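Listing of input21.cif; format and content: mmCIF, C-alpha atoms.
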```
data_work
#
loop_
_atom_site.label_atom_id
_atom_site.label_comp_id
_atom_site.auth_asym_id
_atom_site.auth_seq_id
_atom_site.Cartn_x
_atom_site.Cartn_y
_atom_site.Cartn_z
CA MET A 1 9.28 -20.29 37.46
CA LYS A 2 12.09 -19.07 39.68
CA PRO A 3 12.51 -15.28 39.56
CA VAL A 4 15.73 -14.02 37.99
CA VAL A 5 17.46 -10.99 39.44
CA VAL A 6 18.27 -8.48 36.69
CA SER A 7 21.14 -6.03 37.18
CA GLY A 8 22.09 -2.97 35.19
CA ASP A 9 24.76 -5.01 33.39
CA GLU A 10 22.14 -7.58 32.41
CA LEU A 11 19.91 -4.80 31.07
CA ASN A 12 22.82 -3.55 28.95
CA ALA A 13 23.33 -7.07 27.62
CA LEU A 14 19.62 -7.41 26.79
CA ALA A 15 19.70 -4.07 24.98
CA GLU A 16 22.70 -5.11 22.92
CA ARG A 17 21.15 -8.49 22.08
CA SER A 18 17.87 -6.91 21.01
CA GLY A 19 19.72 -4.40 18.83
CA ARG A 20 21.71 -7.17 17.13
CA MET A 21 18.57 -9.22 16.56
CA LEU A 22 16.72 -6.24 15.02
CA LYS A 23 19.64 -5.68 12.64
CA LYS A 24 19.58 -9.38 11.63
CA ILE A 25 15.85 -9.27 11.04
CA ARG A 26 16.06 -6.03 9.04
CA ASP A 27 18.94 -7.29 6.91
CA SER A 28 17.11 -10.57 6.32
CA MET A 29 13.91 -8.80 5.24
CA LEU A 30 15.80 -6.48 2.93
CA GLN A 31 17.94 -9.13 1.25
CA PRO A 32 19.71 -9.12 -1.12
CA PHE A 33 20.25 -5.38 -0.60
CA PRO A 34 21.20 -3.68 2.67
CA ARG A 35 18.81 -0.82 1.90
CA LYS A 36 15.24 -0.73 0.66
CA GLN A 37 14.78 -0.29 -3.06
CA SER A 38 12.02 1.79 -4.60
CA PRO A 39 9.39 -0.16 -6.56
CA THR A 40 8.82 -0.16 -10.30
CA PHE A 41 5.44 0.25 -11.98
CA THR A 42 3.99 -1.45 -15.02
CA SER A 43 2.42 0.71 -17.71
CA GLY A 44 -1.03 -0.58 -16.68
CA LYS A 45 -0.47 0.41 -13.04
CA LEU A 46 0.87 3.80 -14.07
CA GLN A 47 -2.16 4.41 -16.27
CA SER A 48 -4.38 3.74 -13.27
CA ILE A 49 -2.41 6.13 -11.04
CA CYS A 50 -2.44 8.89 -13.66
CA GLY A 51 -6.07 8.35 -14.64
CA ILE A 52 -5.30 7.82 -18.33
CA ASP A 53 -5.94 4.99 -20.77
CA LYS A 54 -3.55 3.12 -23.06
CA THR A 55 -4.26 5.37 -26.04
CA ARG A 56 -3.47 8.47 -24.01
CA MET A 57 -0.29 6.91 -22.67
CA ASN A 58 0.91 6.01 -26.17
CA TYR A 59 0.26 9.59 -27.25
CA LEU A 60 2.20 11.03 -24.29
CA LEU A 61 5.09 8.63 -24.91
CA GLY A 62 5.63 10.60 -28.11
CA LYS A 63 5.90 13.77 -26.05
CA ASP A 64 8.38 14.75 -23.38
CA PHE A 65 7.48 11.95 -20.93
CA PRO A 66 9.79 9.25 -19.48
CA GLN A 67 9.93 6.20 -21.73
CA GLY A 68 10.43 3.56 -19.06
CA PHE A 69 12.04 0.21 -19.82
CA GLN A 70 10.80 -2.18 -22.52
CA SER A 71 12.52 -5.55 -22.92
CA GLY A 72 11.35 -5.87 -26.52
CA LYS A 73 8.97 -4.39 -29.07
CA GLY A 74 5.38 -4.88 -28.03
CA ARG A 75 6.38 -5.81 -24.47
CA GLN A 76 4.88 -4.03 -21.48
CA ARG A 77 6.91 -1.09 -20.21
CA THR A 78 8.07 -0.69 -16.62
CA PHE A 79 8.78 2.65 -14.98
CA THR A 80 10.91 3.56 -12.00
CA LEU A 81 9.32 5.40 -9.09
CA GLU A 82 11.01 8.61 -10.21
CA GLU A 83 9.69 8.18 -13.75
CA SER A 84 6.21 7.35 -12.45
CA ILE A 85 6.08 10.51 -10.34
CA ALA A 86 7.21 12.52 -13.39
CA TRP A 87 4.23 11.04 -15.28
CA VAL A 88 1.87 11.97 -12.46
CA LYS A 89 3.23 15.50 -12.34
CA GLY A 90 2.84 15.82 -16.11
CA THR A 91 -0.78 14.62 -16.11
CA ILE A 92 -2.37 16.27 -13.06
CA GLY A 93 -2.28 19.75 -14.53
CA LYS A 94 -0.43 22.86 -13.37
CA ASP A 95 -3.56 24.20 -11.66
CA GLN A 96 -3.17 21.48 -9.01
CA GLN A 97 0.35 22.52 -7.97
CA ARG A 98 0.75 24.37 -4.69
CA PRO A 99 0.57 28.09 -5.50
CA GLN A 100 3.63 30.26 -5.04
CA GLY A 101 3.58 31.79 -1.57
CA GLN A 102 1.42 29.07 -0.03
CA LEU A 103 3.20 27.11 2.70
CA GLY A 104 3.27 23.34 3.00
CA LYS A 105 0.77 21.69 5.33
CA VAL A 106 1.87 20.01 8.55
CA ILE A 107 -0.12 16.89 9.47
CA ALA A 108 0.41 15.07 12.76
CA VAL A 109 -0.66 11.44 13.02
CA ALA A 110 -1.38 11.00 16.71
CA ASN A 111 -3.03 8.80 19.29
CA PHE A 112 -2.07 8.14 22.88
CA LYS A 113 -2.64 4.41 22.35
CA GLY A 114 -0.23 2.10 20.56
CA GLY A 115 -1.11 -0.53 17.98
CA VAL A 116 -3.50 1.63 15.95
CA THR A 117 -1.38 1.68 12.74
CA LYS A 118 -0.14 5.19 13.40
CA THR A 119 3.24 4.56 11.79
CA THR A 120 1.74 2.74 8.81
CA THR A 121 -0.70 5.61 8.28
CA SER A 122 2.16 8.13 8.38
CA MET A 123 4.15 6.10 5.85
CA ILE A 124 1.17 5.60 3.55
CA LEU A 125 0.39 9.32 3.56
CA ALA A 126 3.99 10.25 2.76
CA GLN A 127 4.41 7.66 0.00
CA GLY A 128 0.92 8.14 -1.44
CA LEU A 129 1.07 11.93 -1.59
CA ALA A 130 4.41 11.72 -3.41
CA LEU A 131 3.26 8.99 -5.80
CA ARG A 132 -0.36 9.88 -6.53
CA HIS A 133 -0.08 13.68 -6.45
CA ALA A 134 3.62 14.37 -7.09
CA ARG A 135 3.94 16.21 -3.78
CA LYS A 136 7.23 16.90 -2.02
CA VAL A 137 6.93 15.37 1.46
CA LEU A 138 8.97 15.45 4.66
CA ILE A 139 8.20 12.83 7.30
CA ILE A 140 9.45 13.35 10.85
CA ASP A 141 9.85 10.43 13.22
CA LEU A 142 9.26 11.76 16.75
CA ASP A 143 8.88 8.36 18.39
CA PRO A 144 12.10 7.34 20.21
CA GLN A 145 11.29 3.72 19.28
CA GLY A 146 11.94 4.70 15.66
CA SER A 147 9.31 2.60 13.88
CA THR A 148 8.99 5.01 10.96
CA THR A 149 12.77 5.17 10.60
CA THR A 150 12.84 1.36 10.53
CA PHE A 151 10.20 1.33 7.77
CA PHE A 152 12.66 3.30 5.64
CA GLY A 153 15.22 0.50 6.07
CA ILE A 154 17.31 2.36 8.66
CA ASN A 155 18.12 0.94 12.10
CA PRO A 156 17.38 3.85 14.47
CA HIS A 157 19.33 2.26 17.32
CA ALA A 158 22.56 1.58 15.45
CA GLU A 159 22.62 3.86 12.40
CA VAL A 160 21.19 7.19 13.57
CA GLU A 161 23.14 9.69 15.66
CA ALA A 162 21.47 12.22 17.94
CA ASP A 163 22.54 15.10 15.68
CA GLN A 164 20.56 13.58 12.79
CA THR A 165 17.27 13.81 14.72
CA VAL A 166 15.29 16.82 15.94
CA LEU A 167 17.34 16.84 19.17
CA PRO A 168 19.77 19.62 18.08
CA LEU A 169 16.72 21.86 17.67
CA ILE A 170 15.47 20.88 21.12
CA ASP A 171 18.79 21.59 22.85
CA ASN A 172 19.38 24.86 20.91
CA SER A 173 22.51 23.66 19.12
CA GLN A 174 20.64 24.27 15.83
CA PRO A 175 18.30 27.24 15.22
CA ASP A 176 15.94 25.31 12.93
CA LEU A 177 15.49 21.97 11.16
CA THR A 178 17.03 22.81 7.79
CA PHE A 179 20.06 20.66 8.71
CA ALA A 180 18.06 17.47 9.29
CA PRO A 181 16.12 16.17 6.22
CA MET A 182 17.74 13.21 4.49
CA GLN A 183 16.81 11.60 1.19
CA THR A 184 15.12 8.20 1.27
CA TYR A 185 14.61 5.34 -1.17
CA TRP A 186 11.17 6.82 -1.98
CA THR A 187 11.45 9.64 -4.53
CA GLY A 188 9.84 12.83 -3.24
CA VAL A 189 9.95 11.80 0.42
CA ASP A 190 12.63 13.04 2.83
CA LEU A 191 13.03 11.86 6.41
CA ILE A 192 14.12 13.29 9.74
CA PRO A 193 14.87 10.05 11.56
CA SER A 194 14.52 9.04 15.19
CA SER A 195 16.77 7.37 17.71
CA THR A 196 16.57 6.54 21.39
CA ASP A 197 18.39 9.82 22.04
CA LEU A 198 15.01 11.53 21.61
CA PHE A 199 14.13 10.39 25.14
CA ASN A 200 16.48 13.20 26.26
CA ALA A 201 13.97 15.74 24.99
CA GLU A 202 11.73 14.80 27.92
CA PHE A 203 14.41 16.18 30.26
CA ILE A 204 15.71 19.07 28.16
CA LEU A 205 12.38 20.80 27.52
CA PRO A 206 11.12 20.90 31.13
CA ALA A 207 14.59 22.00 32.27
CA LYS A 208 14.34 24.95 29.90
CA VAL A 209 10.94 25.87 31.31
CA HIS A 210 12.50 26.26 34.76
CA SER A 211 15.82 27.81 33.78
CA GLU A 212 15.08 30.09 30.82
CA ASP A 213 12.90 33.08 30.09
CA PRO A 214 9.47 32.58 31.72
CA SER A 215 7.90 33.33 28.33
CA PHE A 216 9.63 30.30 26.75
CA GLN A 217 6.97 28.32 24.88
CA PHE A 218 8.18 24.73 25.09
CA TRP A 219 5.25 23.53 22.98
CA ASN A 220 6.21 25.65 19.95
CA VAL A 221 9.86 24.59 19.58
CA LEU A 222 9.12 22.18 16.73
CA ARG A 223 6.76 24.55 14.94
CA ASN A 224 9.34 27.35 15.02
CA GLY A 225 12.03 24.98 13.78
CA LEU A 226 9.86 23.94 10.82
CA ILE A 227 9.18 27.46 9.54
CA PRO A 228 12.12 27.60 7.06
CA LEU A 229 11.12 24.19 5.64
CA LEU A 230 7.46 24.94 4.94
CA PRO A 231 8.10 26.72 1.59
CA MET A 232 10.21 23.73 0.48
CA TYR A 233 7.69 20.93 1.14
CA ASP A 234 4.05 20.44 0.21
CA TYR A 235 3.56 18.29 3.31
CA VAL A 236 5.28 17.62 6.60
CA ILE A 237 3.97 14.39 8.16
CA ILE A 238 4.78 13.90 11.85
CA ASP A 239 4.63 10.43 13.40
CA SER A 240 4.40 10.96 17.16
CA ALA A 241 4.89 8.57 20.07
CA PRO A 242 1.77 6.96 21.60
CA THR A 243 2.19 8.98 24.80
CA LEU A 244 1.46 12.50 25.97
CA SER A 245 5.13 13.50 26.03
CA TYR A 246 6.81 16.85 25.47
CA LEU A 247 7.63 15.77 21.91
CA THR A 248 4.03 14.72 21.26
CA ILE A 249 2.83 18.08 22.57
CA ASN A 250 5.24 19.74 20.12
CA ALA A 251 3.91 17.56 17.29
CA LEU A 252 0.32 18.55 18.02
CA PHE A 253 1.10 22.26 18.21
CA ALA A 254 3.28 22.15 15.10
CA ALA A 255 0.42 20.62 13.12
CA ASP A 256 -2.04 22.40 10.88
CA SER A 257 -4.17 19.24 10.94
CA ILE A 258 -4.32 16.00 12.89
CA ILE A 259 -5.29 12.50 11.81
CA VAL A 260 -6.19 10.15 14.67
CA PRO A 261 -6.14 6.46 13.71
CA VAL A 262 -8.36 4.31 15.91
CA VAL A 263 -9.03 0.58 16.02
CA PRO A 264 -12.72 -0.34 16.48
CA ASP A 265 -12.53 -2.13 19.82
CA THR A 266 -13.84 -1.14 23.23
CA LEU A 267 -10.43 -0.41 24.77
CA SER A 268 -9.44 1.83 21.87
CA PHE A 269 -12.74 3.70 22.11
CA ALA A 270 -12.13 4.28 25.83
CA SER A 271 -8.61 5.46 25.02
CA MET A 272 -10.06 7.94 22.51
CA VAL A 273 -12.13 9.50 25.29
CA GLN A 274 -8.93 10.04 27.26
CA PHE A 275 -7.19 11.42 24.18
CA TRP A 276 -9.82 14.11 23.60
CA THR A 277 -9.99 15.03 27.28
CA LEU A 278 -6.22 15.44 27.62
CA PHE A 279 -5.91 17.14 24.23
CA SER A 280 -8.62 19.72 24.95
CA ASP A 281 -7.16 20.40 28.42
CA LEU A 282 -3.76 20.83 26.81
CA VAL A 283 -4.88 23.28 24.12
CA ASN A 284 -6.97 25.37 26.50
CA GLY A 285 -4.47 25.20 29.34
CA LEU A 286 -1.53 26.36 27.24
CA LYS A 287 -3.60 29.24 25.87
CA ASP A 288 -4.11 30.47 29.41
CA ILE A 289 -0.39 30.50 30.23
CA SER A 290 0.97 31.61 26.84
CA LYS A 291 -0.55 35.11 26.96
CA GLY A 292 -0.96 34.86 23.21
CA PRO A 293 -3.74 36.61 21.28
CA LYS A 294 -5.09 33.43 19.71
CA GLN A 295 -5.98 29.92 20.66
CA LYS A 296 -4.49 27.10 18.60
CA VAL A 297 -6.78 26.40 15.63
CA PHE A 298 -6.52 23.37 13.33
CA ASP A 299 -7.56 23.18 9.69
CA TYR A 300 -9.19 19.87 10.53
CA ILE A 301 -8.97 16.96 12.96
CA ASP A 302 -10.01 13.67 11.36
CA ILE A 303 -10.52 10.21 12.77
CA LEU A 304 -9.45 7.24 10.65
CA ILE A 305 -10.93 3.84 11.48
CA THR A 306 -8.20 1.25 10.90
CA ARG A 307 -7.81 -2.52 11.19
CA MET A 308 -11.55 -2.91 10.67
CA PRO A 309 -12.40 -6.63 11.00
CA ALA A 310 -15.54 -8.37 9.80
CA LYS A 311 -16.91 -8.81 13.33
CA SER A 312 -20.21 -7.63 14.77
CA SER A 313 -18.46 -6.24 17.86
CA ALA A 314 -16.24 -4.06 15.65
CA GLN A 315 -19.28 -2.85 13.71
CA MET A 316 -20.84 -1.82 17.01
CA VAL A 317 -17.77 0.17 18.09
CA ARG A 318 -17.55 1.75 14.64
CA ASP A 319 -21.14 2.94 15.08
CA TRP A 320 -20.20 4.40 18.46
CA ILE A 321 -17.29 6.28 16.84
CA ILE A 322 -19.45 7.68 14.03
CA LYS A 323 -22.26 8.65 16.41
CA THR A 324 -19.82 10.35 18.79
CA TYR A 325 -17.52 12.15 16.38
CA GLY A 326 -19.78 12.70 13.36
CA ASP A 327 -18.16 14.68 10.55
CA HIS A 328 -14.72 14.23 12.08
CA VAL A 329 -14.77 10.56 11.01
CA LEU A 330 -13.23 10.08 7.57
CA PRO A 331 -15.48 8.40 4.97
CA VAL A 332 -12.97 5.61 4.45
CA GLU A 333 -12.11 2.58 6.59
CA ILE A 334 -8.89 0.59 6.47
CA PRO A 335 -9.77 -3.13 6.70
CA GLU A 336 -7.87 -5.69 8.72
CA THR A 337 -6.21 -7.99 6.19
CA SER A 338 -3.48 -10.60 6.30
CA LEU A 339 -1.73 -8.76 3.46
CA ALA A 340 -1.47 -5.59 5.55
CA MET A 341 -0.03 -7.55 8.47
CA THR A 342 2.47 -9.27 6.15
CA THR A 343 3.75 -6.02 4.69
CA SER A 344 4.20 -4.50 8.16
CA ALA A 345 6.17 -7.54 9.29
CA GLU A 346 8.49 -6.97 6.33
CA PHE A 347 9.00 -3.27 7.11
CA ALA A 348 6.94 -2.35 4.05
CA THR A 349 3.60 -0.83 3.06
CA ILE A 350 1.16 -1.71 0.33
CA TYR A 351 2.73 1.03 -1.84
CA ASP A 352 6.05 -0.81 -1.70
CA MET A 353 4.52 -3.70 -3.66
CA PRO A 354 2.54 -2.30 -6.64
CA ASN A 355 3.20 -5.47 -8.64
CA TYR A 356 1.82 -7.85 -6.02
CA GLN A 357 1.57 -11.36 -7.47
CA GLY A 358 -1.19 -12.67 -5.20
CA SER A 359 -4.93 -12.13 -5.23
CA THR A 360 -5.98 -8.94 -7.00
CA ASN A 361 -9.02 -8.69 -4.74
CA ALA A 362 -6.86 -8.96 -1.62
CA TYR A 363 -4.56 -6.22 -2.92
CA GLU A 364 -7.36 -3.85 -3.91
CA ARG A 365 -9.18 -4.43 -0.62
CA ILE A 366 -6.36 -2.74 1.27
CA CYS A 367 -4.85 -0.51 -1.44
CA GLY A 368 -8.18 1.04 -2.51
CA PRO A 369 -9.00 2.55 0.92
CA TYR A 370 -5.45 3.86 1.32
CA ASP A 371 -5.65 5.49 -2.13
CA ARG A 372 -8.89 7.18 -1.08
CA LEU A 373 -7.34 8.37 2.18
CA VAL A 374 -4.43 9.96 0.31
CA ASP A 375 -6.78 11.60 -2.20
CA ILE A 376 -9.04 12.98 0.53
CA VAL A 377 -6.09 14.52 2.38
CA ASP A 378 -4.73 16.14 -0.79
CA SER A 379 -8.20 17.37 -1.75
CA LYS A 380 -8.51 19.16 1.61
CA SER A 381 -5.11 20.77 1.16
CA CYS A 382 -6.01 21.91 -2.35
CA LEU A 383 -9.06 23.68 -0.95
CA LEU A 384 -6.95 25.28 1.78
CA TRP A 385 -4.40 26.39 -0.83
CA GLY A 386 -7.23 27.88 -2.87
CA ILE A 387 -6.80 25.67 -5.91
CA GLY A 388 -10.22 24.06 -6.11
CA ASP A 389 -11.76 20.76 -5.19
CA THR A 390 -10.49 17.22 -5.70
CA PRO A 391 -7.44 17.27 -7.95
CA THR A 392 -8.28 16.34 -11.51
CA LYS A 393 -5.87 14.54 -13.75
CA GLU A 394 -5.44 15.38 -17.40
CA LYS A 395 -7.23 12.93 -19.67
#
```

Please rewrite the model in this file as structure tokens.
Amino acid sequence: MKPVVVSGDELNALAERSGRMLKKIRDSMLQPFPRKQSPTFTSGKLQSICGIDKTRMNYLLGKDFPQGFQSGKGRQRTFTLEESIAWVKGTIGKDQQRPQGQLGKVIAVANFKGGVTKTTTSMILAQGLALRHARKVLIIDLDPQGSTTTFFGINPHAEVEADQTVLPLIDNSQPDLTFAPMQTYWTGVDLIPSSTDLFNAEFILPAKVHSEDPSFQFWNVLRNGLIPLLPMYDYVIIDSAPTLSYLTINALFAADSIIVPVVPDTLSFASMVQFWTLFSDLVNGLKDISKGPKQKVFDYIDILITRMPAKSSAQMVRDWIIKTYGDHVLPVEIPETSLAMTTSAEFATIYDMPNYQGSTNAYERICGPYDRLVDIVDSKSCLLWGIGDTPTKEK
């Protein structure tokens, strides 16, 4: 093929065309509504989420619980997402609520390699913690590509301004992030969106290092900006870019805990080695220059094996991961399924489709592991908040 010279004007045209195409695809996927709609839940699905049976549900329907919608006497009820979360909150027991005075937990989902379901994992955690445990969650999209923002049905390139992202915190035009959270279609989950303007952070932060007070800690800007929000949210989930950027560094140092998704293939395993090397150098190196009394300590750093196929080569790499990282590997694996790929292509997660009409086995094969992941994360937080072991739901 003959090479084609590409000018700056041509690049602008390509950018505009790609933006228009993304909008067309998003609008097509979200038809007939321009925004994503929250799902509804059948009474049977809600019983499963709450851990109650039909008899218990009928009893609670006579109490102060949402009644849902019933098209006729004897027909199955359906519940909105908001009503479903109210049921969860009413059945988990007050002893599982975050104690007064305990701050919300910040979890970064990070890996320096793309294509490891980092964004999907972030979305699943946010949705699942709100749905299954009635937690109040804030999700922050720190990736300038805006994949998480897109999952919420928002075009980050055309519908998000710079002042709606974390950028005003980075450039000091806002003292903290209280201005930024916006409501989403998913009850209990707020979003700080992303846009391509976040690329500017990679110039602003190093410029501050050279021009401001020598004690300026560029890696703690995000953590400091989150402080006023931590009493308001049970969880802050940060989806970072798959690069070791200034924003990713801020995500890692803002986090109380880190979840590292990894795909069981040889290249991903090699990338993990690089991740740990750079991460350890980063933590130890910044301690040396920060003159602080303490080194950064995390509540936990967990590895999540994702997109696990039924292949012997993947089993081998999984064994390498478990042998290398031991207790850091979560006791749950996310399988590679066509259903998971389909939902991602439609800017959705498995939690967006609780009433899936296809194979029950196919649905449970992907939904079951994600449910366990969400429950494990909340169980760890409960222990850290001092409210016991795995949350129990009222029977």

With only C-alpha atoms as the basis for distance, which of A:Arg223, A:Cys382, A:Arg372, A:Val263 is at the shortest distance from Glu336 in chain A?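 Of the candidates, the smallest distance to Glu336 in chain A is held by A:Val263.
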
Check the smallest atom-to-atom distance from each of A:Ser18, A:Asn172, A:Ser257, A:Asn355 to His328 in chain A using all atoms listed in the file, then report the winner.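 When distances to His328 in chain A are compared using all atoms listed in the file, the smallest one comes from A:Ser257.
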
Using the chain letters and residue numbers of this document, give as an MDAnalysis selection string the residues selected by the PyMOL selection byres ((chain A and resi 40) around 9). chainID A and resid 38:39 41:42 78:81 84 353:355

Using C-alpha atoms, can you export the residues from the last selection as a PDB file, keeping the file's coordinate frame?
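What landed in selection.pdb:
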```
ATOM      1  CA  SER A  38      12.020   1.790  -4.600  1.00  0.00           C
ATOM      2  CA  PRO A  39       9.390  -0.160  -6.560  1.00  0.00           C
ATOM      3  CA  PHE A  41       5.440   0.250 -11.980  1.00  0.00           C
ATOM      4  CA  THR A  42       3.990  -1.450 -15.020  1.00  0.00           C
ATOM      5  CA  THR A  78       8.070  -0.690 -16.620  1.00  0.00           C
ATOM      6  CA  PHE A  79       8.780   2.650 -14.980  1.00  0.00           C
ATOM      7  CA  THR A  80      10.910   3.560 -12.000  1.00  0.00           C
ATOM      8  CA  LEU A  81       9.320   5.400  -9.090  1.00  0.00           C
ATOM      9  CA  SER A  84       6.210   7.350 -12.450  1.00  0.00           C
ATOM     10  CA  MET A 353       4.520  -3.700  -3.660  1.00  0.00           C
ATOM     11  CA  PRO A 354       2.540  -2.300  -6.640  1.00  0.00           C
ATOM     12  CA  ASN A 355       3.200  -5.470  -8.640  1.00  0.00           C
TER      13      ASN A 355
END
```

Enumerate, as a VMD selection string, the residues matched when the PyMOL selection byres ((chain A and resi 140) around 10) is run on the file above. chain A and resid 108 122 137 to 139 141 to 143 148 to 149 165 to 166 180 to 181 190 to 194 236 to 240 251

In Å, how far is it from CA of Val221 in chain A to CA of Phe253 in chain A?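 Answer for the CA of Val221 in chain A to CA of Phe253 in chain A separation: 9.2 Å.
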
Excluding Pro369 in chain A and its own-chain neighbours fewer than 2 positions away, which residues fall within 10 Å of it when counting all atoms listed in the file? Please give them as a list in words.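 Non-adjacent residues within range: Pro331, Val332, Glu333, Ile334, Pro335, Glu364, Arg365, Ile366, Cys367, Asp371, Arg372, Leu373, Val374 and Asp375 of chain A.
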
Selection dump of the PyMOL selection byres ((chain A and resi 128) around 12), as number ranges by chain: A: 49, 81, 85, 88, 120-127, 129-137, 186-189, 235, 237, 349-352, 354, 367-378

One decimal, Å: what's the distance from CA of Lys113 in chain A over to CA of Val160 in chain A, could you say?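 We find that CA of Lys113 in chain A and CA of Val160 in chain A lie 25.5 Å from each other.
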
Given only C-alpha atoms as the counted atoms, nearest of A:Val209, A:Met316, A:Leu383, A:Leu278 to Ser245 in chain A: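 Result for the nearest residue to Ser245 in chain A: A:Leu278.
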
Could you work out an axis-aligned box for range 83-94 of chain A, taking every atom the file lists and adding 8 Å on each side, and report centre and edge lengths in Å to one decimal, as AutoDock Vina command-line options?
```
--center_x 3.7 --center_y 15.1 --center_z -13.2 --size_x 28.1 --size_y 31.5 --size_z 21.8
```

Give me, please, the distance in Å between CA of Lys73 in chain A and CA of Trp87 in chain A, quoted to one decimal.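 One can read the CA of Lys73 in chain A to CA of Trp87 in chain A distance as 21.2 Å.
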
Restricting the calculation to all atoms listed in the file: of A:Glu83, A:Asp265, A:Asp281, A:Asp327, which residue gets closest to Ser313 in chain A?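 Checking each candidate against Ser313 in chain A, we get A:Asp265 as the closest.
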
Nearest-residue call for Ile321 in chain A, choices A:Thr342, A:Gln217, A:Ser268, A:Gln70, using all atoms listed in the file: A:Ser268

Long-range neighbours of Asp256 in chain A as a list in words, 8 Å cut-off, all atoms listed in the file, 6 positions minimum in chain: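 After dropping sequence-adjacent residues, the list is Lys105, Val106, Ile107, Ala108, Val297, Phe298, Asp299 and Tyr300 of chain A.
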
I'd like to know which of A:Phe179, A:Cys50, A:Leu252, A:Val109 is closest to Gly93 in chain A, using only C-alpha atoms.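 When distances to Gly93 in chain A are compared using only C-alpha atoms, the smallest one comes from A:Cys50.
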
What's around Leu61 in chain A at 12 Å? Count only C-alpha atoms, leave out sequence neighbours fewer than 6 positions away in its own chain, and write the answer as an MDAnalysis selection string. chainID A and resid 43 54:55 67:68 77 87 90

Show me the residues around (14.0, 20.2, 17.8) - criterion: an atom at most 7 Å away, only C-alpha atoms counted - as a list of chain:residue names.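 Applying the cut-off with only C-alpha atoms, one gets A:Val166, A:Leu167, A:Pro168, A:Leu169, A:Ile170, A:Val221, A:Leu222, A:Gly225.
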
Can you list, as a list in words, every protein, DNA or RNA residue that comes within 8 Å of Tyr185 in chain A when you count all atoms listed in the file, leaving out same-chain residues fewer than 6 positions away?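 Answer for this query is Lys36, Gln37, Ser38 and Phe152 of chain A.
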
Residues just named, written with C-alpha atoms as a compact mmCIF listing (two decimals), keeping the file's coordinate frame:
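Ended up saving to selection-v3.txt:
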```txt
# COMPACT_ATOMS: atom_id res chain seq x y z
CA LYS A 36 15.24 -0.73 0.66
CA GLN A 37 14.78 -0.29 -3.06
CA SER A 38 12.02 1.79 -4.60
CA PHE A 152 12.66 3.30 5.64
```
